[in-house]
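For reference, protein-v2.pdb (PDB, N, CA and C atoms):
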ATOM      1  N   MET O   1      15.182  25.189  -7.526
ATOM      2  CA  MET O   1      14.246  24.093  -7.686
ATOM      3  C   MET O   1      12.852  24.594  -7.301
ATOM      4  N   SER O   2      11.874  24.352  -8.152
ATOM      5  CA  SER O   2      10.523  24.827  -7.869
ATOM      6  C   SER O   2       9.811  23.877  -6.921
ATOM      7  N   LEU O   3       8.738  24.363  -6.345
ATOM      8  CA  LEU O   3       7.941  23.554  -5.437
ATOM      9  C   LEU O   3       7.403  22.320  -6.136
ATOM     10  N   ASP O   4       6.981  22.454  -7.383
ATOM     11  CA  ASP O   4       6.442  21.323  -8.131
ATOM     12  C   ASP O   4       7.478  20.220  -8.295
ATOM     13  N   VAL O   5       8.724  20.578  -8.531
ATOM     14  CA  VAL O   5       9.775  19.581  -8.694
ATOM     15  C   VAL O   5      10.034  18.878  -7.372
ATOM     16  N   THR O   6      10.097  19.624  -6.280
ATOM     17  CA  THR O   6      10.368  18.998  -4.989
ATOM     18  C   THR O   6       9.217  18.097  -4.571
ATOM     19  N   ARG O   7       7.984  18.440  -4.912
ATOM     20  CA  ARG O   7       6.838  17.574  -4.605
ATOM     21  C   ARG O   7       6.806  16.374  -5.531
ATOM     22  N   ALA O   8       7.231  16.543  -6.776
ATOM     23  CA  ALA O   8       7.171  15.460  -7.753
ATOM     24  C   ALA O   8       8.150  14.337  -7.418
ATOM     25  N   GLU O   9       9.318  14.678  -6.895
ATOM     26  CA  GLU O   9      10.313  13.647  -6.589
ATOM     27  C   GLU O   9       9.815  12.661  -5.543
ATOM     28  N   PRO O  10       9.292  13.106  -4.384
ATOM     29  CA  PRO O  10       8.780  12.133  -3.414
ATOM     30  C   PRO O  10       7.604  11.331  -3.979
ATOM     31  N   LEU O  11       6.760  11.955  -4.795
ATOM     32  CA  LEU O  11       5.641  11.224  -5.380
ATOM     33  C   LEU O  11       6.129  10.188  -6.375
ATOM     34  N   HIS O  12       7.177  10.506  -7.104
ATOM     35  CA  HIS O  12       7.765   9.525  -8.021
ATOM     36  C   HIS O  12       8.285   8.325  -7.223
ATOM     37  N   ASP O  13       8.981   8.604  -6.120
ATOM     38  CA  ASP O  13       9.476   7.527  -5.255
ATOM     39  C   ASP O  13       8.314   6.724  -4.688
ATOM     40  N   ALA O  14       7.257   7.392  -4.291
ATOM     41  CA  ALA O  14       6.086   6.699  -3.746
ATOM     42  C   ALA O  14       5.464   5.800  -4.804
ATOM     43  N   ARG O  15       5.349   6.303  -6.020
ATOM     44  CA  ARG O  15       4.799   5.480  -7.108
ATOM     45  C   ARG O  15       5.654   4.237  -7.332
ATOM     46  N   GLN O  16       6.978   4.412  -7.298
ATOM     47  CA  GLN O  16       7.873   3.263  -7.478
ATOM     48  C   GLN O  16       7.690   2.236  -6.362
ATOM     49  N   ARG O  17       7.590   2.712  -5.115
ATOM     50  CA  ARG O  17       7.394   1.793  -3.993
ATOM     51  C   ARG O  17       6.043   1.081  -4.116
ATOM     52  N   LEU O  18       5.015   1.816  -4.528
ATOM     53  CA  LEU O  18       3.696   1.211  -4.705
ATOM     54  C   LEU O  18       3.707   0.186  -5.841
ATOM     55  N   GLU O  19       4.375   0.519  -6.937
ATOM     56  CA  GLU O  19       4.482  -0.436  -8.061
ATOM     57  C   GLU O  19       5.189  -1.709  -7.605
ATOM     58  N   HIS O  20       6.276  -1.536  -6.842
ATOM     59  CA  HIS O  20       7.003  -2.701  -6.330
ATOM     60  C   HIS O  20       6.105  -3.531  -5.413
ATOM     61  N   SER O  21       5.384  -2.875  -4.523
ATOM     62  CA  SER O  21       4.479  -3.589  -3.612
ATOM     63  C   SER O  21       3.407  -4.329  -4.398
ATOM     64  N   ARG O  22       2.842  -3.651  -5.404
ATOM     65  CA  ARG O  22       1.789  -4.287  -6.195
ATOM     66  C   ARG O  22       2.334  -5.502  -6.950
ATOM     67  N   THR O  23       3.492  -5.354  -7.570
ATOM     68  CA  THR O  23       4.085  -6.455  -8.334
ATOM     69  C   THR O  23       4.367  -7.659  -7.445
ATOM     70  N   SER O  24       4.945  -7.405  -6.270
ATOM     71  CA  SER O  24       5.268  -8.530  -5.387
ATOM     72  C   SER O  24       4.002  -9.186  -4.837
ATOM     73  N   ARG O  25       2.964  -8.382  -4.507
ATOM     74  CA  ARG O  25       1.716  -8.960  -4.015
ATOM     75  C   ARG O  25       1.009  -9.767  -5.103
ATOM     76  N   LEU O  26       1.037  -9.271  -6.342
ATOM     77  CA  LEU O  26       0.427 -10.023  -7.447
ATOM     78  C   LEU O  26       1.143 -11.358  -7.657
ATOM     79  N   ALA O  27       2.471 -11.361  -7.551
ATOM     80  CA  ALA O  27       3.232 -12.605  -7.677
ATOM     81  C   ALA O  27       2.882 -13.565  -6.541
ATOM     82  N   GLN O  28       2.763 -13.028  -5.325
ATOM     83  CA  GLN O  28       2.393 -13.870  -4.191
ATOM     84  C   GLN O  28       0.986 -14.431  -4.362
ATOM     85  N   LEU O  29       0.077 -13.598  -4.837
ATOM     86  CA  LEU O  29      -1.298 -14.029  -5.057
ATOM     87  C   LEU O  29      -1.349 -15.125  -6.127
ATOM     88  N   GLN O  30      -0.570 -14.964  -7.187
ATOM     89  CA  GLN O  30      -0.521 -15.984  -8.232
ATOM     90  C   GLN O  30       0.011 -17.296  -7.670
ATOM     91  N   ALA O  31       1.056 -17.222  -6.859
ATOM     92  CA  ALA O  31       1.613 -18.430  -6.238
ATOM     93  C   ALA O  31       0.582 -19.082  -5.327
ATOM     94  N   LEU O  32      -0.159 -18.285  -4.577
ATOM     95  CA  LEU O  32      -1.207 -18.835  -3.713
ATOM     96  C   LEU O  32      -2.306 -19.488  -4.542
ATOM     97  N   ASP O  33      -2.680 -18.862  -5.654
ATOM     98  CA  ASP O  33      -3.693 -19.448  -6.530
ATOM     99  C   ASP O  33      -3.233 -20.803  -7.059
ATOM    100  N   GLU O  34      -1.977 -20.886  -7.478
ATOM    101  CA  GLU O  34      -1.444 -22.149  -7.989
ATOM    102  C   GLU O  34      -1.389 -23.210  -6.902
ATOM    103  N   THR O  35      -1.021 -22.802  -5.696
ATOM    104  CA  THR O  35      -0.964 -23.739  -4.576
ATOM    105  C   THR O  35      -2.359 -24.174  -4.157
ATOM    106  N   SER O  36      -3.309 -23.235  -4.141
ATOM    107  CA  SER O  36      -4.655 -23.568  -3.672
ATOM    108  C   SER O  36      -5.395 -24.462  -4.648
ATOM    109  N   GLN O  37      -4.953 -24.521  -5.912
ATOM    110  CA  GLN O  37      -5.570 -25.448  -6.853
ATOM    111  C   GLN O  37      -5.248 -26.883  -6.478
ATOM    112  N   ALA O  38      -4.087 -27.076  -5.873
ATOM    113  CA  ALA O  38      -3.664 -28.417  -5.486
ATOM    114  C   ALA O  38      -4.233 -28.827  -4.129
ATOM    115  N   THR O  39      -4.552 -27.859  -3.304
ATOM    116  CA  THR O  39      -5.039 -28.172  -1.965
ATOM    117  C   THR O  39      -6.035 -27.114  -1.502
ATOM    118  N   GLU O  40      -7.030 -27.534  -0.754
ATOM    119  CA  GLU O  40      -7.963 -26.582  -0.147
ATOM    120  C   GLU O  40      -7.549 -26.394   1.306
ATOM    121  N   ASP O  41      -6.941 -25.298   1.579
ATOM    122  CA  ASP O  41      -6.407 -25.025   2.904
ATOM    123  C   ASP O  41      -6.957 -23.686   3.384
ATOM    124  N   HIS O  42      -7.491 -23.672   4.591
ATOM    125  CA  HIS O  42      -8.043 -22.430   5.145
ATOM    126  C   HIS O  42      -6.969 -21.366   5.335
ATOM    127  N   LEU O  43      -5.759 -21.794   5.653
ATOM    128  CA  LEU O  43      -4.651 -20.846   5.807
ATOM    129  C   LEU O  43      -4.348 -20.164   4.474
ATOM    130  N   LEU O  44      -4.330 -20.939   3.395
ATOM    131  CA  LEU O  44      -4.082 -20.358   2.078
ATOM    132  C   LEU O  44      -5.199 -19.402   1.687
ATOM    133  N   ALA O  45      -6.426 -19.761   2.015
ATOM    134  CA  ALA O  45      -7.554 -18.877   1.707
ATOM    135  C   ALA O  45      -7.417 -17.558   2.470
ATOM    136  N   GLY O  46      -6.986 -17.624   3.713
ATOM    137  CA  GLY O  46      -6.771 -16.415   4.515
ATOM    138  C   GLY O  46      -5.655 -15.560   3.949
ATOM    139  N   GLN O  47      -4.579 -16.199   3.495
ATOM    140  CA  GLN O  47      -3.467 -15.460   2.898
ATOM    141  C   GLN O  47      -3.914 -14.784   1.605
ATOM    142  N   LYS O  48      -4.712 -15.481   0.826
ATOM    143  CA  LYS O  48      -5.202 -14.915  -0.432
ATOM    144  C   LYS O  48      -6.089 -13.695  -0.153
ATOM    145  N   THR O  49      -6.954 -13.797   0.830
ATOM    146  CA  THR O  49      -7.817 -12.673   1.202
ATOM    147  C   THR O  49      -6.979 -11.484   1.659
ATOM    148  N   ALA O  50      -5.942 -11.739   2.447
ATOM    149  CA  ALA O  50      -5.064 -10.668   2.928
ATOM    150  C   ALA O  50      -4.337 -10.004   1.754
ATOM    151  N   MET O  51      -3.849 -10.796   0.799
ATOM    152  CA  MET O  51      -3.167 -10.235  -0.374
ATOM    153  C   MET O  51      -4.123  -9.375  -1.190
ATOM    154  N   GLU O  52      -5.340  -9.827  -1.361
ATOM    155  CA  GLU O  52      -6.329  -9.051  -2.118
ATOM    156  C   GLU O  52      -6.642  -7.735  -1.418
ATOM    157  N   ARG O  53      -6.697  -7.755  -0.080
ATOM    158  CA  ARG O  53      -6.942  -6.528   0.681
ATOM    159  C   ARG O  53      -5.788  -5.538   0.502
ATOM    160  N   VAL O  54      -4.556  -6.038   0.549
ATOM    161  CA  VAL O  54      -3.391  -5.163   0.364
ATOM    162  C   VAL O  54      -3.377  -4.596  -1.053
ATOM    163  N   LEU O  55      -3.710  -5.402  -2.045
ATOM    164  CA  LEU O  55      -3.760  -4.901  -3.421
ATOM    165  C   LEU O  55      -4.790  -3.778  -3.554
ATOM    166  N   LYS O  56      -5.916  -3.923  -2.876
ATOM    167  CA  LYS O  56      -6.940  -2.873  -2.890
ATOM    168  C   LYS O  56      -6.383  -1.596  -2.232
ATOM    169  N   GLU O  57      -5.662  -1.755  -1.117
ATOM    170  CA  GLU O  57      -5.066  -0.604  -0.435
ATOM    171  C   GLU O  57      -4.024   0.078  -1.326
ATOM    172  N   ILE O  58      -3.276  -0.703  -2.099
ATOM    173  CA  ILE O  58      -2.285  -0.139  -3.016
ATOM    174  C   ILE O  58      -2.989   0.690  -4.091
ATOM    175  N   GLU O  59      -4.068   0.155  -4.651
ATOM    176  CA  GLU O  59      -4.820   0.903  -5.671
ATOM    177  C   GLU O  59      -5.393   2.196  -5.081
ATOM    178  N   GLU O  60      -5.860   2.139  -3.845
ATOM    179  CA  GLU O  60      -6.376   3.340  -3.184
ATOM    180  C   GLU O  60      -5.269   4.367  -2.966
ATOM    181  N   ALA O  61      -4.038   3.882  -2.695
ATOM    182  CA  ALA O  61      -2.897   4.794  -2.521
ATOM    183  C   ALA O  61      -2.576   5.497  -3.835
ATOM    184  N   PHE O  62      -2.647   4.764  -4.950
ATOM    185  CA  PHE O  62      -2.447   5.411  -6.256
ATOM    186  C   PHE O  62      -3.498   6.494  -6.467
ATOM    187  N   ALA O  63      -4.728   6.235  -6.072
ATOM    188  CA  ALA O  63      -5.799   7.240  -6.211
ATOM    189  C   ALA O  63      -5.508   8.461  -5.340
ATOM    190  N   ARG O  64      -4.956   8.234  -4.136
ATOM    191  CA  ARG O  64      -4.616   9.365  -3.265
ATOM    192  C   ARG O  64      -3.486  10.195  -3.862
ATOM    193  N   ILE O  65      -2.544   9.547  -4.555
ATOM    194  CA  ILE O  65      -1.498  10.310  -5.245
ATOM    195  C   ILE O  65      -2.145  11.211  -6.286
ATOM    196  N   GLU O  66      -3.063  10.661  -7.038
ATOM    197  CA  GLU O  66      -3.717  11.425  -8.108
ATOM    198  C   GLU O  66      -4.550  12.583  -7.561
ATOM    199  N   ASP O  67      -5.226  12.365  -6.423
ATOM    200  CA  ASP O  67      -6.081  13.453  -5.911
ATOM    201  C   ASP O  67      -5.358  14.381  -4.930
ATOM    202  N   GLY O  68      -4.060  14.122  -4.705
ATOM    203  CA  GLY O  68      -3.259  15.031  -3.881
ATOM    204  C   GLY O  68      -3.342  14.805  -2.386
ATOM    205  N   THR O  69      -3.938  13.697  -1.949
ATOM    206  CA  THR O  69      -4.053  13.438  -0.515
ATOM    207  C   THR O  69      -3.054  12.393  -0.017
ATOM    208  N   TYR O  70      -2.211  11.883  -0.897
ATOM    209  CA  TYR O  70      -1.228  10.873  -0.498
ATOM    210  C   TYR O  70      -0.272  11.462   0.532
ATOM    211  N   GLY O  71       0.034  10.674   1.561
ATOM    212  CA  GLY O  71       0.978  11.115   2.576
ATOM    213  C   GLY O  71       0.341  11.855   3.736
ATOM    214  N   THR O  72      -1.002  11.893   3.751
ATOM    215  CA  THR O  72      -1.739  12.540   4.830
ATOM    216  C   THR O  72      -2.608  11.489   5.510
ATOM    217  N   CYS O  73      -2.583  11.442   6.830
ATOM    218  CA  CYS O  73      -3.401  10.496   7.586
ATOM    219  C   CYS O  73      -4.874  10.779   7.315
ATOM    220  N   LEU O  74      -5.618   9.740   6.958
ATOM    221  CA  LEU O  74      -7.035   9.917   6.663
ATOM    222  C   LEU O  74      -7.874  10.159   7.915
ATOM    223  N   ALA O  75      -7.327   9.843   9.079
ATOM    224  CA  ALA O  75      -8.082  10.033  10.324
ATOM    225  C   ALA O  75      -7.842  11.409  10.938
ATOM    226  N   CYS O  76      -6.573  11.777  11.136
ATOM    227  CA  CYS O  76      -6.277  13.030  11.835
ATOM    228  C   CYS O  76      -5.848  14.162  10.901
ATOM    229  N   GLY O  77      -5.519  13.824   9.650
ATOM    230  CA  GLY O  77      -5.141  14.846   8.678
ATOM    231  C   GLY O  77      -3.700  15.317   8.761
ATOM    232  N   LYS O  78      -2.906  14.712   9.659
ATOM    233  CA  LYS O  78      -1.502  15.107   9.787
ATOM    234  C   LYS O  78      -0.660  14.393   8.725
ATOM    235  N   PRO O  79       0.468  14.985   8.345
ATOM    236  CA  PRO O  79       1.351  14.328   7.376
ATOM    237  C   PRO O  79       1.897  13.012   7.941
ATOM    238  N   LEU O  80       1.966  12.005   7.075
ATOM    239  CA  LEU O  80       2.547  10.725   7.480
ATOM    240  C   LEU O  80       4.067  10.833   7.402
ATOM    241  N   PRO O  81       4.783  10.294   8.390
ATOM    242  CA  PRO O  81       6.252  10.348   8.344
ATOM    243  C   PRO O  81       6.781   9.610   7.110
ATOM    244  N   ALA O  82       7.818  10.166   6.500
ATOM    245  CA  ALA O  82       8.416   9.553   5.302
ATOM    246  C   ALA O  82       8.862   8.124   5.576
ATOM    247  N   GLU O  83       9.368   7.866   6.777
ATOM    248  CA  GLU O  83       9.823   6.522   7.127
ATOM    249  C   GLU O  83       8.670   5.523   7.073
ATOM    250  N   ARG O  84       7.502   5.943   7.539
ATOM    251  CA  ARG O  84       6.324   5.059   7.518
ATOM    252  C   ARG O  84       5.917   4.764   6.069
ATOM    253  N   LEU O  85       5.960   5.793   5.230
ATOM    254  CA  LEU O  85       5.594   5.601   3.827
ATOM    255  C   LEU O  85       6.618   4.752   3.083
ATOM    256  N   GLU O  86       7.872   4.782   3.511
ATOM    257  CA  GLU O  86       8.881   3.918   2.899
ATOM    258  C   GLU O  86       8.613   2.460   3.229
ATOM    259  N   ILE O  87       8.176   2.199   4.451
ATOM    260  CA  ILE O  87       7.917   0.832   4.891
ATOM    261  C   ILE O  87       6.574   0.333   4.361
ATOM    262  N   LEU O  88       5.547   1.163   4.487
ATOM    263  CA  LEU O  88       4.193   0.833   4.034
ATOM    264  C   LEU O  88       3.706   1.932   3.098
ATOM    265  N   PRO O  89       4.105   1.894   1.836
ATOM    266  CA  PRO O  89       3.763   2.998   0.946
ATOM    267  C   PRO O  89       2.260   3.162   0.711
ATOM    268  N   TYR O  90       1.484   2.165   1.056
ATOM    269  CA  TYR O  90       0.034   2.228   0.846
ATOM    270  C   TYR O  90      -0.733   2.546   2.127
ATOM    271  N   THR O  91      -0.020   2.852   3.210
ATOM    272  CA  THR O  91      -0.691   3.108   4.480
ATOM    273  C   THR O  91      -1.608   4.324   4.392
ATOM    274  N   ARG O  92      -2.701   4.258   5.126
ATOM    275  CA  ARG O  92      -3.675   5.353   5.141
ATOM    276  C   ARG O  92      -3.601   6.164   6.428
ATOM    277  N   TYR O  93      -2.985   5.597   7.463
ATOM    278  CA  TYR O  93      -3.037   6.203   8.792
ATOM    279  C   TYR O  93      -1.663   6.330   9.418
ATOM    280  N   CYS O  94      -1.520   7.340  10.280
ATOM    281  CA  CYS O  94      -0.324   7.440  11.102
ATOM    282  C   CYS O  94      -0.368   6.312  12.143
ATOM    283  N   VAL O  95       0.730   6.086  12.834
ATOM    284  CA  VAL O  95       0.797   4.992  13.791
ATOM    285  C   VAL O  95      -0.262   5.150  14.888
ATOM    286  N   ALA O  96      -0.403   6.360  15.420
ATOM    287  CA  ALA O  96      -1.358   6.596  16.512
ATOM    288  C   ALA O  96      -2.784   6.281  16.071
ATOM    289  N   CYS O  97      -3.174   6.753  14.903
ATOM    290  CA  CYS O  97      -4.546   6.511  14.416
ATOM    291  C   CYS O  97      -4.733   5.040  14.044
ATOM    292  N   GLN O  98      -3.690   4.401  13.523
ATOM    293  CA  GLN O  98      -3.777   2.977  13.191
ATOM    294  C   GLN O  98      -4.013   2.162  14.461
ATOM    295  N   ARG O  99      -3.315   2.521  15.541
ATOM    296  CA  ARG O  99      -3.495   1.806  16.819
ATOM    297  C   ARG O  99      -4.914   2.000  17.350
ATOM    298  N   ARG O 100      -5.438   3.196  17.212
ATOM    299  CA  ARG O 100      -6.793   3.466  17.698
ATOM    300  C   ARG O 100      -7.849   2.675  16.933
ATOM    301  N   SER O 101      -7.597   2.442  15.646
ATOM    302  CA  SER O 101      -8.596   1.732  14.833
ATOM    303  C   SER O 101      -8.487   0.220  14.997
ATOM    304  N   ALA O 102      -7.380  -0.260  15.558
ATOM    305  CA  ALA O 102      -7.187  -1.717  15.683
ATOM    306  C   ALA O 102      -7.927  -2.312  16.850
TER
END
Before we go any further, please render this structure as structure tokens.
Amino acid sequence: MSLDVTRAEPLHDARQRLEHSRTSRLAQLQALDETSQATEDHLLAGQKTAMERVLKEIEEAFARIEDGTYGTCLACGKPLPAERLEILPYTRYCVACQRRSA
């Protein structure tokens, strides 16, 4: 198995996880839009803003796949654990750097 094949498989899995995340967030956003038409609720507005932020992070993750930086912490430059990417495929930071930025 060549290096390109072994690198392509995890990236394929990452793309699938990102597609799933994007699809589910878009469905949630659509449901929030339909609900917010019936009522003006600050909680719904906050949820909509959060969904839009996650969708932006997902698009940025796709860009990182394309430019070859996906799976690397943007703060410290260390590889992100596969388990973290499985849970949050669009994450930009390792746990330690995420805690520092919070």
How would you write, as a PyMOL selection string, the residues chosen by the PyMOL selection byres ((chain O and resi 70-72) around 8) on this structure? chain O and resi 61-69+73-82+85+89+91-94
How far is it from atom C of Gln28 in chain O to atom N of Leu43 in chain O, in Å with one decimal? 14.1 Å
Give the centre and edge lengths of an axis-aligned box, in Å to one decimal, that holds all listed atoms of range 64-73 of chain O with 6 Å on each side, as JSON.
{"center_x": -2.6, "center_y": 11.6, "center_z": -0.3, "size_x": 19.1, "size_y": 18.8, "size_z": 27.7}
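Interatomic distance, CA of Arg53 in chain O against atom C of Ala102 in chain O: 16.7 Å.
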DSSP-assigned alpha helix (DSSP H) among chain O, expressed as a PyMOL selection string: chain O and resi 3-38+42-67+82-87+95-101
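When CA of Leu29 in chain O is paired with atom C of Ala45 in chain O, their separation reads 10.3 Å.
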Result set of the PyMOL selection byres ((chain O and resi 13-25) around 7) on the coordinates above, as number ranges by chain: O: 8-12, 26-30, 51, 55, 58, 89-90
Mind writing the picked residues with N, CA and C atoms as a PDB file, keeping the file's coordinate frame?
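For reference, out.pdb as written:
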ATOM      1  N   ALA O   8       7.231  16.543  -6.776  1.00  0.00           N
ATOM      2  CA  ALA O   8       7.171  15.460  -7.753  1.00  0.00           C
ATOM      3  C   ALA O   8       8.150  14.337  -7.418  1.00  0.00           C
ATOM      4  N   GLU O   9       9.318  14.678  -6.895  1.00  0.00           N
ATOM      5  CA  GLU O   9      10.313  13.647  -6.589  1.00  0.00           C
ATOM      6  C   GLU O   9       9.815  12.661  -5.543  1.00  0.00           C
ATOM      7  N   PRO O  10       9.292  13.106  -4.384  1.00  0.00           N
ATOM      8  CA  PRO O  10       8.780  12.133  -3.414  1.00  0.00           C
ATOM      9  C   PRO O  10       7.604  11.331  -3.979  1.00  0.00           C
ATOM     10  N   LEU O  11       6.760  11.955  -4.795  1.00  0.00           N
ATOM     11  CA  LEU O  11       5.641  11.224  -5.380  1.00  0.00           C
ATOM     12  C   LEU O  11       6.129  10.188  -6.375  1.00  0.00           C
ATOM     13  N   HIS O  12       7.177  10.506  -7.104  1.00  0.00           N
ATOM     14  CA  HIS O  12       7.765   9.525  -8.021  1.00  0.00           C
ATOM     15  C   HIS O  12       8.285   8.325  -7.223  1.00  0.00           C
ATOM     16  N   LEU O  26       1.037  -9.271  -6.342  1.00  0.00           N
ATOM     17  CA  LEU O  26       0.427 -10.023  -7.447  1.00  0.00           C
ATOM     18  C   LEU O  26       1.143 -11.358  -7.657  1.00  0.00           C
ATOM     19  N   ALA O  27       2.471 -11.361  -7.551  1.00  0.00           N
ATOM     20  CA  ALA O  27       3.232 -12.605  -7.677  1.00  0.00           C
ATOM     21  C   ALA O  27       2.882 -13.565  -6.541  1.00  0.00           C
ATOM     22  N   GLN O  28       2.763 -13.028  -5.325  1.00  0.00           N
ATOM     23  CA  GLN O  28       2.393 -13.870  -4.191  1.00  0.00           C
ATOM     24  C   GLN O  28       0.986 -14.431  -4.362  1.00  0.00           C
ATOM     25  N   LEU O  29       0.077 -13.598  -4.837  1.00  0.00           N
ATOM     26  CA  LEU O  29      -1.298 -14.029  -5.057  1.00  0.00           C
ATOM     27  C   LEU O  29      -1.349 -15.125  -6.127  1.00  0.00           C
ATOM     28  N   GLN O  30      -0.570 -14.964  -7.187  1.00  0.00           N
ATOM     29  CA  GLN O  30      -0.521 -15.984  -8.232  1.00  0.00           C
ATOM     30  C   GLN O  30       0.011 -17.296  -7.670  1.00  0.00           C
ATOM     31  N   MET O  51      -3.849 -10.796   0.799  1.00  0.00           N
ATOM     32  CA  MET O  51      -3.167 -10.235  -0.374  1.00  0.00           C
ATOM     33  C   MET O  51      -4.123  -9.375  -1.190  1.00  0.00           C
ATOM     34  N   LEU O  55      -3.710  -5.402  -2.045  1.00  0.00           N
ATOM     35  CA  LEU O  55      -3.760  -4.901  -3.421  1.00  0.00           C
ATOM     36  C   LEU O  55      -4.790  -3.778  -3.554  1.00  0.00           C
ATOM     37  N   ILE O  58      -3.276  -0.703  -2.099  1.00  0.00           N
ATOM     38  CA  ILE O  58      -2.285  -0.139  -3.016  1.00  0.00           C
ATOM     39  C   ILE O  58      -2.989   0.690  -4.091  1.00  0.00           C
ATOM     40  N   PRO O  89       4.105   1.894   1.836  1.00  0.00           N
ATOM     41  CA  PRO O  89       3.763   2.998   0.946  1.00  0.00           C
ATOM     42  C   PRO O  89       2.260   3.162   0.711  1.00  0.00           C
ATOM     43  N   TYR O  90       1.484   2.165   1.056  1.00  0.00           N
ATOM     44  CA  TYR O  90       0.034   2.228   0.846  1.00  0.00           C
ATOM     45  C   TYR O  90      -0.733   2.546   2.127  1.00  0.00           C
TER      46      TYR O  90
END
Given only C-alpha atoms as the counted atoms, nearest of O:Val54, O:Ala96, O:Leu44, O:Leu88 to Leu32 in chain O: O:Leu44
